[in-house]
Every structure is written in structure tokens, then in C-alpha cells.
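So this one's upload-v1.cif, mmCIF, C-alpha atoms:
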data_work
#
loop_
_atom_site.label_atom_id
_atom_site.label_comp_id
_atom_site.auth_asym_id
_atom_site.auth_seq_id
_atom_site.Cartn_x
_atom_site.Cartn_y
_atom_site.Cartn_z
CA MET J 1 -20.07 9.64 -18.86
CA THR J 2 -21.03 6.50 -17.00
CA THR J 3 -20.21 3.03 -18.18
CA PRO J 4 -22.99 0.51 -18.78
CA LYS J 5 -23.69 -1.96 -16.02
CA VAL J 6 -23.68 -5.50 -17.43
CA ASN J 7 -23.90 -8.74 -15.48
CA ILE J 8 -21.17 -11.16 -16.65
CA ALA J 9 -21.60 -14.85 -15.88
CA PRO J 10 -18.41 -16.73 -14.94
CA ASP J 11 -17.24 -19.49 -17.28
CA SER J 12 -15.18 -22.62 -16.60
CA PHE J 13 -11.87 -20.70 -16.77
CA ASP J 14 -13.16 -18.28 -14.12
CA TYR J 15 -14.12 -21.20 -11.88
CA PHE J 16 -10.70 -22.77 -12.48
CA LEU J 17 -8.89 -19.58 -11.41
CA THR J 18 -11.10 -19.15 -8.34
CA GLY J 19 -10.54 -22.81 -7.50
CA ILE J 20 -6.77 -22.34 -7.57
CA SER J 21 -7.11 -19.42 -5.16
CA LEU J 22 -9.36 -21.35 -2.79
CA LEU J 23 -7.11 -24.43 -2.90
CA CYS J 24 -4.13 -22.25 -1.97
CA LEU J 25 -6.03 -20.80 0.98
CA LEU J 26 -7.08 -24.28 2.08
CA LEU J 27 -3.48 -25.48 1.73
CA MET J 28 -2.24 -22.57 3.84
CA PHE J 29 -4.79 -23.34 6.54
CA GLY J 30 -3.76 -27.00 6.53
CA LEU J 31 -0.06 -26.14 6.67
CA ASN J 32 -0.69 -23.94 9.69
CA LEU J 33 -2.67 -26.64 11.48
CA TYR J 34 -0.06 -29.30 10.78
CA TYR J 35 3.18 -27.37 11.32
CA TYR J 36 2.30 -24.75 13.93
CA ASP J 37 3.39 -26.87 16.89
CA LEU J 38 6.44 -28.19 15.01
CA VAL J 39 8.08 -24.87 14.10
CA PRO J 40 10.21 -23.01 16.65
CA GLU J 41 8.90 -19.91 18.41
CA ARG J 42 11.16 -17.69 16.27
CA ILE J 43 10.70 -18.07 12.52
CA PRO J 44 11.81 -16.12 9.43
CA VAL J 45 9.24 -13.44 8.60
CA HIS J 46 11.09 -11.40 5.96
CA PHE J 47 13.28 -12.34 3.01
CA ASP J 48 15.70 -10.26 0.93
CA ALA J 49 15.68 -10.03 -2.87
CA ALA J 50 17.79 -13.20 -3.08
CA GLY J 51 15.20 -15.09 -1.02
CA LYS J 52 17.37 -15.35 2.10
CA PRO J 53 15.75 -14.69 5.50
CA ASP J 54 16.74 -11.32 6.95
CA GLY J 55 14.06 -10.77 9.57
CA TYR J 56 12.65 -13.00 12.30
CA GLY J 57 9.54 -12.95 14.44
CA GLY J 58 7.04 -15.07 16.31
CA LYS J 59 5.39 -18.11 14.80
CA ILE J 60 2.00 -16.38 15.05
CA THR J 61 3.13 -14.76 11.79
CA LEU J 62 2.01 -17.95 10.03
CA TRP J 63 -1.59 -17.10 10.94
CA VAL J 64 -1.04 -13.45 10.00
CA VAL J 65 0.14 -14.49 6.51
CA PHE J 66 -2.92 -16.72 6.17
CA GLY J 67 -5.23 -13.94 7.39
CA LEU J 68 -3.74 -11.44 4.95
CA SER J 69 -4.20 -13.95 2.13
CA VAL J 70 -7.86 -14.46 2.99
CA MET J 71 -8.36 -10.70 3.22
CA LEU J 72 -6.62 -10.16 -0.14
CA PHE J 73 -8.78 -12.86 -1.75
CA GLY J 74 -11.94 -11.28 -0.31
CA ILE J 75 -11.09 -7.75 -1.40
CA LEU J 76 -10.08 -8.77 -4.93
CA THR J 77 -13.21 -10.91 -5.25
CA LEU J 78 -15.41 -7.97 -4.22
CA VAL J 79 -13.61 -5.60 -6.59
CA GLY J 80 -14.13 -8.06 -9.45
CA ARG J 81 -17.89 -8.01 -8.92
CA SER J 82 -18.15 -4.37 -10.04
CA PRO J 83 -16.34 -4.23 -13.39
CA HIS J 84 -18.29 -1.12 -14.43
CA LEU J 85 -16.44 0.87 -11.74
CA ALA J 86 -12.94 -0.01 -12.98
CA ASN J 87 -10.67 2.11 -15.15
CA TYR J 88 -10.02 0.77 -18.63
CA SER J 89 -7.35 1.42 -21.24
CA VAL J 90 -10.05 1.68 -23.93
CA PRO J 91 -13.34 3.59 -24.01
CA ILE J 92 -16.24 1.46 -22.74
CA THR J 93 -19.35 1.41 -24.90
CA ALA J 94 -22.58 -0.56 -24.70
CA GLU J 95 -21.20 -2.76 -27.50
CA ASN J 96 -17.80 -3.64 -26.01
CA ALA J 97 -18.75 -3.54 -22.30
CA PRO J 98 -19.46 -7.30 -21.95
CA ARG J 99 -16.12 -8.24 -23.56
CA GLN J 100 -14.11 -5.65 -21.63
CA TYR J 101 -15.78 -6.49 -18.31
CA LYS J 102 -15.16 -10.21 -18.85
CA ASN J 103 -11.51 -9.48 -19.67
CA MET J 104 -11.10 -7.36 -16.54
CA GLN J 105 -12.75 -9.98 -14.34
CA GLN J 106 -10.50 -12.71 -15.73
CA MET J 107 -7.42 -10.55 -15.18
CA ASN J 108 -8.56 -9.95 -11.61
CA ARG J 109 -9.11 -13.67 -11.02
CA ALA J 110 -5.75 -14.57 -12.60
CA LEU J 111 -3.95 -12.03 -10.41
CA THR J 112 -5.80 -13.31 -7.35
CA ALA J 113 -4.76 -16.90 -8.16
CA VAL J 114 -1.11 -15.91 -8.64
CA LEU J 115 -1.09 -13.87 -5.43
CA CYS J 116 -2.65 -16.74 -3.47
CA LEU J 117 -0.06 -19.12 -4.96
CA CYS J 118 2.66 -16.66 -4.00
CA PHE J 119 1.45 -16.36 -0.40
CA ALA J 120 1.10 -20.15 -0.13
CA TYR J 121 4.66 -20.60 -1.35
CA ILE J 122 5.93 -17.91 1.03
CA GLN J 123 4.20 -19.62 3.93
CA TYR J 124 5.61 -22.99 2.88
CA GLY J 125 9.06 -21.38 2.56
CA ILE J 126 8.79 -19.84 6.01
CA ILE J 127 7.88 -23.21 7.52
CA GLN J 128 10.58 -25.15 5.67
CA THR J 129 13.23 -22.54 6.50
CA ALA J 130 12.17 -22.51 10.17
CA LEU J 131 12.50 -26.30 10.25
CA GLY J 132 15.93 -26.16 8.57
CA GLN J 133 14.71 -28.01 5.46
CA GLN J 134 15.56 -25.18 3.05
CA ASP J 135 17.47 -21.92 3.07
CA GLY J 136 14.89 -19.26 2.26
CA LEU J 137 12.58 -18.82 -0.71
CA GLY J 138 15.22 -19.25 -3.39
CA LEU J 139 16.82 -16.78 -5.76
CA TRP J 140 14.28 -17.40 -8.53
CA PHE J 141 11.18 -16.67 -6.41
CA LEU J 142 11.12 -12.88 -6.83
CA LEU J 143 11.90 -13.05 -10.53
CA VAL J 144 9.21 -15.66 -11.27
CA PHE J 145 6.66 -13.80 -9.17
CA LEU J 146 7.31 -10.47 -10.93
CA ILE J 147 7.24 -12.08 -14.38
CA LEU J 148 3.91 -13.73 -13.59
CA ILE J 149 2.30 -10.55 -12.24
CA PHE J 150 3.50 -8.25 -15.01
CA GLY J 151 2.94 -10.94 -17.63
CA ILE J 152 -0.70 -11.31 -16.61
CA ILE J 153 -1.23 -7.55 -16.58
CA GLY J 154 0.46 -7.14 -19.97
CA TYR J 155 -1.48 -10.01 -21.52
CA PHE J 156 -4.86 -8.71 -20.38
CA LEU J 157 -4.06 -5.11 -21.35
CA TYR J 158 -3.11 -6.36 -24.81
CA ARG J 159 -6.30 -8.40 -24.93
CA ALA J 160 -8.33 -5.31 -23.95
CA LYS J 161 -6.98 -3.50 -27.01
CA VAL J 162 -7.76 -6.49 -29.26
CA LEU J 163 -11.30 -6.78 -27.85
CA GLU J 164 -11.94 -3.05 -28.37
#

Written form, C-alpha cells:
Amino acid sequence: MTTPKVNIAPDSFDYFLTGISLLCLLLMFGLNLYYYDLVPERIPVHFDAAGKPDGYGGKITLWVVFGLSVMLFGILTLVGRSPHLANYSVPITAENAPRQYKNMQQMNRALTAVLCLCFAYIQYGIIQTALGQQDGLGLWFLLVFLILIFGIIGYFLYRAKVLE
């Protein structure tokens, strides 16, 4: 059985979430332009669960992190444009398709925004650690990141059941 194909127009919350993602990408680009010549050739490129650096590499990694963030944003944006192809926790009918598709698209945009925020913070943490201004990402980073990701997923899965 195929799911109905419905075009869902973005609302102000969707634009807000996309704006957060784009601002993070712009911030990352600006950080790279400003700090690239200021950081040493060898910078932290990996952090342990406590947020302490445990791997080092070249400063070109700053551009790699930015490139991966742009690629992640692009892929998640493309995936969000085809909500009828996604798997859902409830059966999709012609009646509930617009609500379920909107919910899925908002979950996708929220996850994209949080991931872009995460990558922007990681890049900022790499730069600040390389410059000796801080000592890694901090103990709370991994916990907050995981709570945000699983919280968003849980909230939108719950909402999918309510919207059924």
C-alpha cells in the first residue's frame, strides 16, 4: 500500500528551525575564516566521553567539520522534502497524512537544527581548546546533546500517536 503524496507548506516554526540551522552554518564559516590562521597546525580533532581531547590532527579539520555540517544539512533537508517515503509509527491514511507529514518534517527540521548547533559548538570547542582558552568540550556536552536528540525524537513520536 502506498502512502498519499501531499504537499505541506512550511509555517513560521519551520522557518525558525531552518534559520537556526543556517545561522549555525554561517557561524561555522565565519569562525573558520577568523580563526584559521590563529590556531596552531595541530588541533584537537576527537574528544572522549568527558569532553577531553584525545586525538589530534591538522587544522584543515576545521573545514572538514564545516563541510560535513553542510552535507548533513543538505541531506536532511532533501529527506524532509519527501515525507511520503518515510516510515511512520502509525498507519498513514488520506485523512491523517497532512498532520503526520507535517509532524515528520518538523521533527526532521528540529533534529537538523540541533545537529547544526552541536557541530557549531564542537567547532567552537576545537578552536578554543587549540588556543588554550578552554579544556575540551566539557563534561555536560555529551549528556545535553543526547538528551536533546532523544527528547526531540520522543516528543515527535508521541505527537505522531496523538495526531493519529

Hey, what's within 7 Å of Leu17 (chain J) if we count all atoms listed in the file and toss same-chain stuff fewer than 2 positions away? As a ChimeraX atom specification, please? /J:13-15,19-21,109-110,113

Under the rule that only C-alpha atoms are counted, which of J:Leu117, J:Trp63, J:Pro83, J:Met71 is the nearest residue to Lys102 (chain J)? J:Pro83

Give, as lines of an AutoDock Vina configuration file, the centre coordinates and the x, y and z edge lengths in Å to one decimal for an axis-aligned box around all listed atoms of region 96-109 of chain J, padded by 6 Å on each side.
center_x = -13.4
center_y = -8.6
center_z = -18.5
size_x = 24.0
size_y = 22.1
size_z = 27.0

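Between CA of Gly138 (chain J) and CA of Ile60 (chain J) there is a distance of 22.9 Å.
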
Selection dump of the PyMOL selection byres ((chain J and resi 61) around 10), as an mmCIF file with C-alpha atoms, keeping the file's coordinate frame:
data_model
loop_
_atom_site.group_PDB
_atom_site.id
_atom_site.type_symbol
_atom_site.label_atom_id
_atom_site.label_comp_id
_atom_site.auth_asym_id
_atom_site.auth_seq_id
_atom_site.Cartn_x
_atom_site.Cartn_y
_atom_site.Cartn_z
ATOM 1 C CA ARG J 42 11.160 -17.690 16.270
ATOM 2 C CA ILE J 43 10.700 -18.070 12.520
ATOM 3 C CA PRO J 44 11.810 -16.120 9.430
ATOM 4 C CA VAL J 45 9.240 -13.440 8.600
ATOM 5 C CA TYR J 56 12.650 -13.000 12.300
ATOM 6 C CA GLY J 57 9.540 -12.950 14.440
ATOM 7 C CA GLY J 58 7.040 -15.070 16.310
ATOM 8 C CA LYS J 59 5.390 -18.110 14.800
ATOM 9 C CA ILE J 60 2.000 -16.380 15.050
ATOM 10 C CA LEU J 62 2.010 -17.950 10.030
ATOM 11 C CA TRP J 63 -1.590 -17.100 10.940
ATOM 12 C CA VAL J 64 -1.040 -13.450 10.000
ATOM 13 C CA VAL J 65 0.140 -14.490 6.510
ATOM 14 C CA PHE J 66 -2.920 -16.720 6.170
ATOM 15 C CA GLY J 67 -5.230 -13.940 7.390
ATOM 16 C CA GLN J 123 4.200 -19.620 3.930
ATOM 17 C CA ILE J 126 8.790 -19.840 6.010
#

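In this structure, CA of Pro40 (chain J) sits 6.8 Å away from CA of Ala130 (chain J).
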
Report as a ChimeraX atom specification the residues that result from applying the PyMOL selection byres ((chain J and resi 164) around 8) to the structure here. /J:90,96,100,160-163

How many Å separate CA of Phe156 (chain J) from CA of Gln106 (chain J)? 8.3 Å

Nearest to Leu27 (chain J): which of J:Phe145, J:Phe47, J:Phe119, J:Tyr158 is it, counting all atoms listed in the file? J:Phe119

Need to verify the contact set: Val39 (chain J), 7 Å, only C-alpha atoms, exclusion of same-chain residues closer than 4 positions in sequence. Can you return it as a PyMOL selection string? chain J and resi 35+127+130-131

Which residues, protein or nucleic acid, reach to within 10 Å of (-2.7, -9.0, -17.5) in the file's coordinates when using only C-alpha atoms, and can you give that as an MDAnalysis selection string? chainID J and resid 103:104 106:108 110:111 148:160

Set the distance at 7 Å and use only C-alpha atoms: which residues neighbour Asp135 (chain J) once local chain neighbours fewer than 2 positions away are removed? I'd like the list as JSON, numbers by chain. {"J": [52, 129, 137]}

Out of J:Gln128, J:Gln105, J:Val70, J:Arg99, which residue has the shortest atom-to-atom distance to Phe29 (chain J) when counting all atoms listed in the file? J:Val70

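Distance annotation: of J:Ser69, J:Asn32, J:Ser89, J:Gln134, the residue with the minimal separation from Gly51 (chain J) is J:Gln134; atom set is all atoms listed in the file.
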
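The nearest approach to Ala86 (chain J) among the residues J:Gln133, J:Thr3, J:Thr112, J:Thr18, with only C-alpha atoms taken into account, belongs to J:Thr3.
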
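Of the listed residues J:Ala97, J:Leu85, J:Leu72, J:Ala50, the one whose atoms come nearest to Val6 (chain J) is J:Ala97, with distances taken using only C-alpha atoms.
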
If I put a ball of radius 10 Å at (-23.4, -0.9, -19.9) in the file's coordinates, which residues poke into it when counting all atoms listed in the file, written as a list in words? Thr2, Thr3, Pro4, Lys5, Val6, Asn7, His84, Ile92, Thr93, Ala94, Glu95, Asn96, Ala97, Pro98 and Tyr101 of chain J
